[in-house]
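Engineer: Handing you a structure now.
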Amino acid sequence: MKLTFFSQSSFIIIVLILWFACLTTRAQEVDDEREFSYEQDADNGPTHWGEIRPEWRECNIGRMQSPIDLTDQRVAMGSHLGRLNRDYEPSNATLINRGHDMMLRWINGAGHIQINGTLFQLNQAHWHTPSEHTVNGRRFDMEVHLVHQSNDNRTAVIGIMYKIGRPDSFLSMMQRDLEVVARTHEVEKNVGMVNPGLVKFGSRKYYRYIGSLTVPPCTQNIIWTIVRKVRTVSREQVRLIREAVHDEAEANSRPIQHLHNRYVGLYRPKYPQN
């Protein structure tokens with residue numbers, strides 16, 4: 001696998017892009033997803049999202065859309081991006097069926113991450129099956145998005161991809177609540193204290209790029225961090241996530257979007273002990 005190292009000019013460009021992301025307005029995913037679908041040939045499918053509402057037009061015309069394929073040829077590798085600092089804490093949470101996915105919303109936030117000196121509060125997590133991002137063209141079985149917001153309304157999302165294997169411990173902890181939602185068709189269920197620190201990353205290495213929300217309104221200038229390590233999830237857990245949604249769809253993943261000359265960084269600690 002061949003990866004190129006950051007040139008000084010590439011690093012400067014990435015810093016400028018991240019600085020530009022500071023100018024963004026509040027990016028809010030829709031809470032009711034029934035107005036659009038993931039069916040490729042449907043009138044309200046992914047290729048038509050930008051036509052459904054005027055405020056969703058970036059879904060069709062934006063040039064910094066997500067998800068993307070993380071290809072080795074476009075990755076600039078180094079330690080310049082810095083370690084991803086997480087400081088999560090348990091908080092009261094609610095499971096919400098938004099129409100095409102299950103969202104776990106922490107009522108008053110659940111700690112934060114720090115990017116370029118800015119704190120981003122963790123507000124919610126949701127799951128996509130199969131994964132939305134791909135690595136060298138390979139799509140995995142599931143992806144979780146941890147959505148964060150800063151005080152000045154910037155958005156940062158952490159994505160973790162999964163392949164079929166051993167059960168995921170965080171979903172094992174959530175299994176009983178997900179089963180209740182699947183069985184009773186509840187739209188919203190309070191699940192008490194949930195610790196997001198139990199969502200395992202498994203690696204300090206991550207990809208970083210500037211993209212968009214992957215659901216309408218597809219707002220751009222989102223800071224994306226994709227954990228490089230692909231973790232495992234059981235088939236039963238993937239099935240349960242889909243059954244809890246009740247939309248009878250087999251997938252809720254947006255197609256891969258054009259990169260349009262965007263840079264993708266891969267953070268690698270300078271020293272193994274870091």
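For the structure tokens, the naming scheme is as follows: chains receive sequential letters (A, B, ...) according to their order of presentation, residues are indexed from 1 within each chain, and ligands are indexed from 1 in presentation order.
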Mind the document's chain letters and residue numbers, and return as a list in words the residues of range 167-256 of chain A that DSSP labels alpha helix (DSSP H).

Structural biologist: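 Everything in range 167-256 of chain A that counts as alpha helix (DSSP H) is Ser169, Phe170, Leu171, Ser172, Met173, Met174, Gln175, Arg176, Asp177, Leu178, Glu179, Val180, Val181, Ala182, Arg183, Thr184, Arg235, Glu236, Gln237, Val238, Arg239, Leu240, Ile241, Arg242, Glu243, Ala244 and Val245 of chain A.
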
Engineer: Set the distance at 9 Å and use only C-alpha atoms: which residues neighbour His48 in chain A once local chain neighbours fewer than 4 positions away are removed? I'd like the list as a list in words.

Structural biologist: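 Once the adjacent positions are removed, what remains is Phe36, Ala42, Asp43, Asn44, Ile52, Cys59 and Asn60 of chain A.
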
Engineer: I'd like to know which residues of range 75-267 of chain A are strand (DSSP E or B) (by DSSP, run on the backbone); could you write them as number ranges by chain?

Structural biologist: A: 75-78, 85-88, 91-97, 102-106, 111-115, 118-128, 134-135, 138-139, 142-150, 155-164, 188-194, 206-212, 220-227, 231-233, 264-267

Engineer: Near range 98-102 of chain A, counting only C-alpha atoms, which residues have an atom at most 6 Å away, once you skip same-chain residues fewer than 5 positions from it, shown as an MDAnalysis selection string?

Structural biologist: chainID A and resid 31:34 126 245

Engineer: Go through A:Pro216, A:Val264, A:Pro269, A:His148 one by one, measure the shortest atom-to-atom distance of each to Pro54 in chain A using only C-alpha atoms, and give the residue with the smallest value.

Structural biologist: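 Comparing A:Pro216, A:Val264, A:Pro269, A:His148 against Pro54 in chain A, the winner is A:Pro216.
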
Engineer: With only C-alpha atoms as the atoms that count, which of A:Glu89, A:Asp72, A:Glu143, A:Glu58 lies nearest to Ser253 in chain A?

Structural biologist: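 When distances to Ser253 in chain A are compared using only C-alpha atoms, the smallest one comes from A:Glu143.
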
Engineer: Ranking A:Trp127, A:Trp224, A:Tyr162, A:Trp49 by minimum distance to Ile68 in chain A and counting only C-alpha atoms, which one comes first?

Structural biologist: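 Answer, going by the shortest atom-to-atom distance: A:Trp224.
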